[in-house]
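See below for coords39.txt, which holds compact mmCIF, C-alpha atoms.
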# COMPACT_ATOMS: atom_id res chain seq x y z
CA MET A 1 10.11 -5.71 14.06
CA SER A 2 10.08 -3.67 10.84
CA LEU A 3 7.03 -2.37 9.06
CA LEU A 4 5.75 -4.60 6.29
CA LEU A 5 3.44 -3.79 3.40
CA PHE A 6 1.68 -6.69 1.71
CA VAL A 7 -0.09 -5.76 -1.54
CA GLU A 8 -2.54 -8.02 -3.40
CA ALA A 9 -3.95 -7.47 -6.89
CA PHE A 10 -7.38 -8.80 -7.92
CA GLY A 11 -8.79 -9.29 -11.40
CA GLN A 12 -7.35 -11.42 -14.17
CA ILE A 13 -4.35 -11.71 -16.47
CA LEU A 14 -5.16 -12.50 -20.09
CA HIS A 15 -2.44 -14.60 -21.70
CA ASP A 16 -0.66 -13.41 -24.82
CA GLU A 17 1.96 -14.86 -27.15
CA ASN A 18 4.80 -13.64 -24.91
CA LEU A 19 3.64 -15.38 -21.73
CA GLU A 20 5.50 -18.66 -22.22
CA ARG A 21 8.71 -16.77 -23.01
CA VAL A 22 8.48 -14.59 -19.90
CA VAL A 23 7.42 -17.13 -17.29
CA SER A 24 10.42 -19.27 -16.41
CA ASP A 25 12.43 -20.31 -13.37
CA GLU A 26 14.57 -17.20 -13.78
CA ASP A 27 11.90 -14.66 -14.77
CA ASP A 28 9.24 -14.81 -12.07
CA LEU A 29 7.24 -11.99 -10.50
CA TYR A 30 9.89 -11.52 -7.80
CA SER A 31 12.69 -10.90 -10.29
CA ILE A 32 10.57 -8.74 -12.59
CA PHE A 33 9.27 -6.58 -9.73
CA LEU A 34 12.77 -6.23 -8.29
CA SER A 35 14.25 -5.23 -11.66
CA ARG A 36 11.56 -2.60 -12.19
CA SER A 37 11.99 -1.14 -8.70
CA GLU A 38 15.77 -0.94 -9.15
CA MET A 39 15.38 0.67 -12.58
CA MET A 40 13.19 3.42 -11.10
CA GLY A 41 15.39 3.89 -8.03
CA TRP A 42 12.65 2.81 -5.63
CA SER A 43 14.59 -0.13 -4.18
CA THR A 44 17.94 -1.86 -4.49
CA MET A 45 19.61 -5.15 -3.59
CA SER A 46 23.10 -3.62 -3.75
CA ALA A 47 25.16 -3.88 -0.58
CA HIS A 48 26.47 -0.38 -1.22
CA ASP A 49 23.16 1.42 -1.81
CA ARG A 50 20.29 2.19 0.56
CA PRO A 51 16.79 1.50 -0.79
CA MET A 52 14.91 4.76 -1.38
CA LEU A 53 11.40 3.58 -0.52
CA TRP A 54 11.30 -0.13 0.27
CA ALA A 55 13.31 -3.32 0.72
CA MET A 56 12.28 -6.33 -1.34
CA HIS A 57 10.91 -9.36 0.54
CA GLU A 58 8.68 -11.64 -1.54
CA ALA A 59 6.47 -11.66 -4.64
CA GLU A 60 4.45 -14.35 -6.37
CA LEU A 61 1.86 -14.80 -9.09
CA ALA A 62 -1.43 -16.29 -7.93
CA ALA A 63 -3.47 -16.46 -11.14
CA GLY A 64 -5.22 -19.81 -11.38
CA ILE A 65 -4.41 -20.61 -7.74
CA ASP A 66 -6.51 -18.22 -5.70
CA THR A 67 -8.87 -16.64 -8.24
CA PRO A 68 -9.68 -13.74 -8.53
CA ARG A 69 -6.33 -12.82 -6.99
CA ILE A 70 -3.63 -12.17 -9.60
CA GLY A 71 -0.55 -11.93 -7.42
CA TRP A 72 1.02 -10.38 -4.34
CA VAL A 73 4.17 -8.61 -3.23
CA GLN A 74 5.65 -7.96 0.23
CA VAL A 75 8.16 -5.21 1.01
CA GLY A 76 9.81 -3.79 4.12
CA LEU A 77 9.86 -0.08 4.94
CA ASP A 78 12.67 0.10 7.51
CA VAL A 79 14.93 1.79 4.96
CA GLY A 80 15.06 5.40 6.17
CA ASP A 81 17.92 7.23 7.83
CA PHE A 82 19.50 5.88 10.99
CA GLU A 83 18.22 7.40 14.22
CA PRO A 84 18.99 6.70 17.91
CA ALA A 85 16.85 4.15 19.66
CA ARG A 86 15.20 5.33 22.86
CA PRO A 87 16.55 3.93 26.14
CA SER A 88 14.16 1.48 27.77
CA SER A 89 14.66 2.84 31.29
CA ALA A 90 16.58 5.35 33.42
CA PRO A 91 20.11 4.39 34.52
CA VAL A 92 20.52 2.58 37.83
CA GLN A 93 22.37 4.57 40.53
CA GLY A 94 26.11 4.22 40.05
CA TRP A 95 25.77 3.21 36.45
CA ALA A 96 25.78 5.33 33.32
CA TYR A 97 23.69 4.91 30.23
CA ALA A 98 25.07 2.49 27.69
CA PRO A 99 25.62 3.95 24.23
CA LEU A 100 22.35 4.29 22.40
CA ALA A 101 21.58 1.73 19.75
CA VAL A 102 20.42 2.97 16.37
CA HIS A 103 17.80 1.70 13.97
CA ARG A 104 16.49 2.53 10.54
CA ARG A 105 13.54 4.89 10.44
CA ASP A 106 10.45 3.44 8.78
CA ILE A 107 9.17 5.16 5.66
CA GLU A 108 5.54 6.26 6.03
CA PRO A 109 3.18 4.09 3.91
CA ALA A 110 1.48 7.15 2.37
CA LEU A 111 4.81 8.10 0.74
CA VAL A 112 5.41 4.62 -0.64
CA LEU A 113 2.04 3.46 -1.95
CA PRO A 114 1.80 5.42 -5.26
CA ALA A 115 5.18 4.12 -6.48
CA LEU A 116 4.67 0.66 -4.98
CA ILE A 117 1.31 0.15 -6.71
CA GLN A 118 2.72 1.39 -10.03
CA CYS A 119 5.75 -0.91 -9.76
CA PHE A 120 3.54 -3.89 -8.89
CA HIS A 121 1.24 -3.28 -11.85
CA ASP A 122 4.19 -2.78 -14.23
CA ALA A 123 5.60 -6.14 -13.14
CA LEU A 124 2.26 -7.94 -13.56
CA ARG A 125 1.92 -6.59 -17.11
CA ARG A 126 5.03 -8.52 -18.13
CA PHE A 127 2.96 -11.71 -17.76
CA GLY A 128 -0.01 -10.72 -19.88
CA ILE A 129 -2.81 -8.20 -20.27
CA VAL A 130 -3.88 -7.12 -16.78
CA GLU A 131 -7.55 -6.42 -16.10
CA LEU A 132 -7.38 -4.99 -12.59
CA SER A 133 -10.53 -5.02 -10.47
CA GLY A 134 -9.03 -4.10 -7.10
CA LEU A 135 -6.02 -3.82 -4.80
CA GLN A 136 -5.62 -4.57 -1.10
CA VAL A 137 -2.85 -3.31 1.15
CA THR A 138 -2.11 -4.94 4.50
CA ALA A 139 0.28 -3.15 6.88
CA ASN A 140 1.98 -4.90 9.76
CA PHE A 141 4.10 -3.68 12.74
CA LEU A 142 3.26 -0.02 12.08
CA ASP A 143 5.00 2.63 14.19
CA PRO A 144 2.89 5.49 15.62
CA ARG A 145 2.36 8.30 13.16
CA THR A 146 4.62 11.34 13.65
CA GLN A 147 3.51 13.84 10.99
CA PRO A 148 0.95 14.33 8.20
CA TRP A 149 1.94 14.00 4.55
CA GLN A 150 -0.93 15.85 2.91
CA SER A 151 1.35 18.39 1.23
CA ARG A 152 3.30 15.62 -0.52
CA LEU A 153 0.09 14.02 -1.73
CA TYR A 154 -1.22 17.38 -2.90
CA ALA A 155 1.93 17.90 -4.97
CA MET A 156 1.08 14.75 -6.95
CA LEU A 157 -2.38 15.93 -8.06
CA ASN A 158 -1.27 17.79 -11.19
CA TRP A 159 -0.54 14.42 -12.80
CA PHE A 160 -4.30 13.78 -12.92
CA ASN A 161 -5.32 17.22 -14.22
CA ALA A 162 -4.48 16.28 -17.81
CA THR A 163 -6.39 12.99 -17.78
CA LEU A 164 -9.02 12.29 -20.43
CA LYS A 165 -12.62 11.83 -19.44
CA GLY A 166 -12.75 8.38 -17.92
CA LYS A 167 -13.86 8.56 -14.32
CA ALA A 168 -14.21 5.35 -12.34
CA ASP A 169 -16.35 4.59 -9.30
CA ALA A 170 -14.82 2.42 -6.60
CA LEU A 171 -15.43 1.27 -3.05
CA ILE A 172 -12.97 1.53 -0.17
CA SER A 173 -13.25 -1.16 2.49
CA PHE A 174 -11.07 -1.82 5.52
CA ASP A 175 -10.72 -4.01 8.58
CA GLU A 176 -12.19 -3.37 12.02
CA GLU A 177 -8.89 -2.07 13.49
CA PHE A 178 -8.34 0.60 10.83
CA LEU A 179 -10.48 3.26 12.53
CA GLY A 180 -10.91 1.68 15.96
CA GLU A 181 -13.54 3.61 17.92
CA HIS A 182 -13.82 6.25 15.20
CA THR A 183 -16.42 6.23 12.43
CA GLU A 184 -16.41 6.08 8.67
CA ALA A 185 -18.09 9.51 8.65
CA GLU A 186 -15.05 10.96 10.45
CA LEU A 187 -12.76 9.53 7.78
CA VAL A 188 -14.90 10.99 4.97
CA ALA A 189 -14.89 14.40 6.69
CA ARG A 190 -11.10 14.27 7.04
CA LEU A 191 -10.65 13.33 3.38
CA ARG A 192 -12.97 16.11 2.23
CA ARG A 193 -10.94 18.67 4.18
CA MET A 194 -7.93 17.70 2.08
CA ASN A 195 -7.34 19.05 -1.40
CA THR A 196 -8.17 15.92 -3.39
CA GLY A 197 -8.50 17.54 -6.81
CA ALA A 198 -10.40 15.29 -9.21
CA PHE A 199 -10.84 12.58 -6.54
CA GLU A 200 -14.26 12.62 -4.85
CA PHE A 201 -14.63 10.78 -1.52
CA GLY A 202 -17.91 9.77 0.08
CA PRO A 203 -20.58 9.05 1.01
CA VAL A 204 -20.41 6.20 3.52
CA VAL A 205 -21.98 3.07 2.02
CA ALA A 206 -22.60 -0.58 2.87
CA VAL A 207 -19.87 -2.96 1.65
CA PRO A 208 -21.06 -6.06 -0.26
CA GLU A 209 -19.36 -9.27 0.84
CA GLN A 210 -17.38 -9.63 -2.40
CA TYR A 211 -15.72 -6.23 -1.79
CA SER A 212 -14.83 -6.87 1.84
CA ILE A 213 -11.35 -7.39 3.23
CA ARG A 214 -10.09 -10.92 2.71
CA THR A 215 -6.78 -12.56 3.53
CA GLY A 216 -4.80 -15.35 1.89
CA ILE A 217 -2.47 -17.84 3.51
CA GLU A 218 0.55 -15.64 2.68
CA THR A 219 -0.90 -12.51 4.30
CA PRO A 220 1.31 -11.56 7.29
CA ILE A 221 -1.76 -10.91 9.48
CA HIS A 222 -4.24 -13.78 9.59
CA ARG A 223 -6.65 -12.26 12.12
CA ILE A 224 -7.80 -9.43 9.85
CA SER A 225 -11.60 -9.26 9.60
CA PRO A 226 -13.95 -6.86 7.79
CA ALA A 227 -15.08 -3.67 9.51
CA SER A 228 -17.55 -4.57 12.25
CA SER A 229 -20.00 -1.95 10.93
CA GLY A 230 -19.99 -3.45 7.45
CA LEU A 231 -19.54 0.04 6.05
CA GLY A 232 -17.01 1.56 3.67
CA ILE A 233 -16.50 4.70 1.60
CA SER A 234 -17.36 5.33 -2.04
CA VAL A 235 -14.82 7.17 -4.19
CA THR A 236 -14.75 8.51 -7.74
CA LEU A 237 -11.32 8.43 -9.34
CA PRO A 238 -10.38 10.58 -12.37
CA GLU A 239 -9.15 7.38 -14.08
CA TRP A 240 -8.78 3.70 -13.27
CA THR A 241 -5.00 3.43 -13.36
CA PRO A 242 -2.33 2.20 -10.92
CA SER A 243 -1.34 5.81 -10.24
CA ALA A 244 -4.89 6.79 -9.31
CA VAL A 245 -5.44 3.72 -7.14
CA GLY A 246 -2.08 4.26 -5.42
CA TRP A 247 -2.93 7.90 -4.70
CA THR A 248 -6.33 6.90 -3.34
CA LEU A 249 -4.85 4.30 -0.99
CA ALA A 250 -2.14 6.71 0.17
CA SER A 251 -4.69 9.45 0.91
CA VAL A 252 -7.01 7.12 2.82
CA VAL A 253 -4.15 5.72 4.91
CA ASP A 254 -2.79 9.21 5.59
CA ALA A 255 -6.20 10.53 6.68
CA ALA A 256 -6.93 7.50 8.87
CA ARG A 257 -3.52 7.78 10.52
CA LEU A 258 -4.38 11.36 11.49
CA ILE A 259 -7.53 10.09 13.18
CA LYS A 260 -5.93 7.02 14.79
CA PRO A 261 -2.12 7.49 14.78
CA ASP A 262 -1.36 4.46 16.97
CA VAL A 263 -2.92 1.75 14.80
CA ASN A 264 -0.43 -1.14 14.54
CA ASN A 265 -1.93 -3.29 11.80
CA PHE A 266 -4.57 -2.68 9.16
CA ALA A 267 -5.89 -3.68 5.77
CA VAL A 268 -7.45 -1.39 3.15
CA ARG A 269 -8.97 -2.40 -0.17
CA VAL A 270 -10.07 -0.42 -3.25
CA THR A 271 -12.40 -2.22 -5.66
CA ARG A 272 -13.81 -0.84 -8.89
CA VAL A 273 -17.60 -0.98 -9.06
CA ARG A 274 -18.16 0.94 -12.34

Please, can you express the file's structure as structure tokens?
Amino acid sequence: MSLLLFVEAFGQILHDENLERVVSDEDDLYSIFLSRSEMMGWSTMSAHDRPMLWAMHEAELAAGIDTPRIGWVQVGLDVGDFEPARPSSAPVQGWAYAPLAVHRRDIEPALVLPALIQCFHDALRRFGIVELSGLQVTANFLDPRTQPWQSRLYAMLNWFNATLKGKADALISFDEEFLGEHTEAELVARLRRMNTGAFEFGPVVAVPEQYSIRTGIETPIHRISPASSGLGISVTLPEWTPSAVGWTLASVVDAARLIKPDVNNFAVRVTRVR
């Protein structure tokens, strides 16, 4: 099965005079998100083009239904180049291998999250004034990690060097499978060995219940539960923007995948605390 990313936004949408004009049977979150992703070249529904980062699955507003959740979007990441599938066994004597099947390579979540979070937020803003308090990403059917992407994440840091003074404190929480037998302290140490620029990770802190991982009925994994230790990681962002939150999530996922490359499913949440 292909890798899925399920992203949920928490907070509230304040209605404005344009809301009734935008929300209709034709202009829902799915269509707005899809249009934005096609405009930016991040995805496509064209039969002749290959999506660059993700394939569109589902999207829906949730304001007023599952407060404080604003909405959610689900995308598929099996949109990379074709590569041969591995044979399941050696050939039986007297028989040759059958031609190898091919499949699409999955795009690593750390490469997708900054653009995906920005696209999601842009789409939500078409429905009102967004006051974002947090974002949760749930990954499903993840392939084993093959390489680190720290250099790509480092190349994005210059975007935050010109930010005005407006730092934000947040809390990173995750489910019990995210680190497995490893500890939160190991994840902090790994993050601090990276060049994170204006982003400051750590220390390890207790996670209040309202900031813990939670799942809705649409979440592709229903057995996700908070980390058994009840601990998470504090982080200071240079600004509270979709770009900064997306970079934070990408860096945390990338660092955790270096520690535990064979994790199949996980959920990570970033919530602003100040």

Tell me, as a VMD selection string, which residues lie within 9 Å of A:Leu249, counting only C-alpha atoms; anything in the same chain fewer than 5 positions away does not count.
chain A and resid 110 113 to 114 136 to 137 172 244 254 268 to 270

Polymer residues at most 10 Å from A:Ala168, all atoms listed in the file, same-chain spacing of 3 or more positions, as an MDAnalysis selection string
chainID A and resid 165 199 235:241 244 272:274

When you count only C-alpha atoms, which of these residues is closest to A:Ala62: A:Gln12, A:Gln118, A:Ser133, A:Gln150?
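Nearest candidate to A:Ala62 out of A:Gln12, A:Gln118, A:Ser133, A:Gln150: A:Gln12.
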
One number please: atom CA of A:Ala250 to atom CA of A:Ser31, in Å, one decimal.
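Straight-line distance from atom CA of A:Ala250 to atom CA of A:Ser31 works out to 25.3 Å.
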
Residues near A:Gln74, anyone? I mean within 6 Å using all atoms listed in the file, not counting same-chain ones fewer than 6 positions away, as a ChimeraX atom specification.
/A:5-6,57-58

Residue contacts of stretch 141-144 of chain A (10 Å, only C-alpha atoms) excluding same-chain residues fewer than 6 positions away, as a PyMOL selection string:
chain A and resi 1-5+77+105-109+220-221+257+260-266

Could you check which of A:Ala267, A:Leu61, A:Ile259, A:Leu34 is closest to A:Thr215, using only C-alpha atoms?
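Result for the nearest residue to A:Thr215: A:Ala267.
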
What does the distance from atom CA of A:Gly134 to atom CA of A:Ala189 come to in Å, to one decimal?
23.8 Å

Between A:Val73, A:Val245, A:Val252, A:Ala115, which one has atoms that come closest to A:Glu186, using all atoms listed in the file?
A:Val252

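Straight-line separation from atom CA of A:Ile233 to atom CA of A:Leu258: 17.0 Å.
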
If we draw a sphere of 8 Å around (-22.1, 2.1, 8.0), which residues have at least one atom in it when counting all atoms listed in the file? Please report them as a count of residues only.
8

With distances taken over all atoms listed in the file, which of A:Glu131, A:Leu116, A:Pro203, A:Ser234 is nearest to A:Ala170?
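Result for the nearest residue to A:Ala170: A:Ser234.
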
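With all atoms listed in the file as the atoms that count, the residue of A:Asn140, A:Ala123, A:Thr183, A:Trp247 with the shortest distance to A:Arg152 is A:Trp247.
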
Using all atoms listed in the file, which residues sit within 12 Å of A:Gly41 once same-chain residues fewer than 6 positions away are excluded, as a list in words?
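Answer for this query is Leu34, Ser35, Asp49, Arg50, Pro51, Met52, Leu53, Trp54, Ala55, Ala115, Leu116 and Cys119 of chain A.
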
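With all atoms listed in the file as the atoms that count, the minimum distance from A:Met39 to the choices A:Glu218, A:Gly71, A:Ser212, A:Asp122 is reached by A:Asp122.
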
With all atoms of stretch 140-158 of chain A from the file as input, state the centre and edge lengths in Å to one decimal of the axis-aligned box that has 3 Å extra on each side, as AutoDock Vina command-line options.
--center_x 1.3 --center_y 6.7 --center_z 2.2 --size_x 13.4 --size_y 29.3 --size_z 32.8
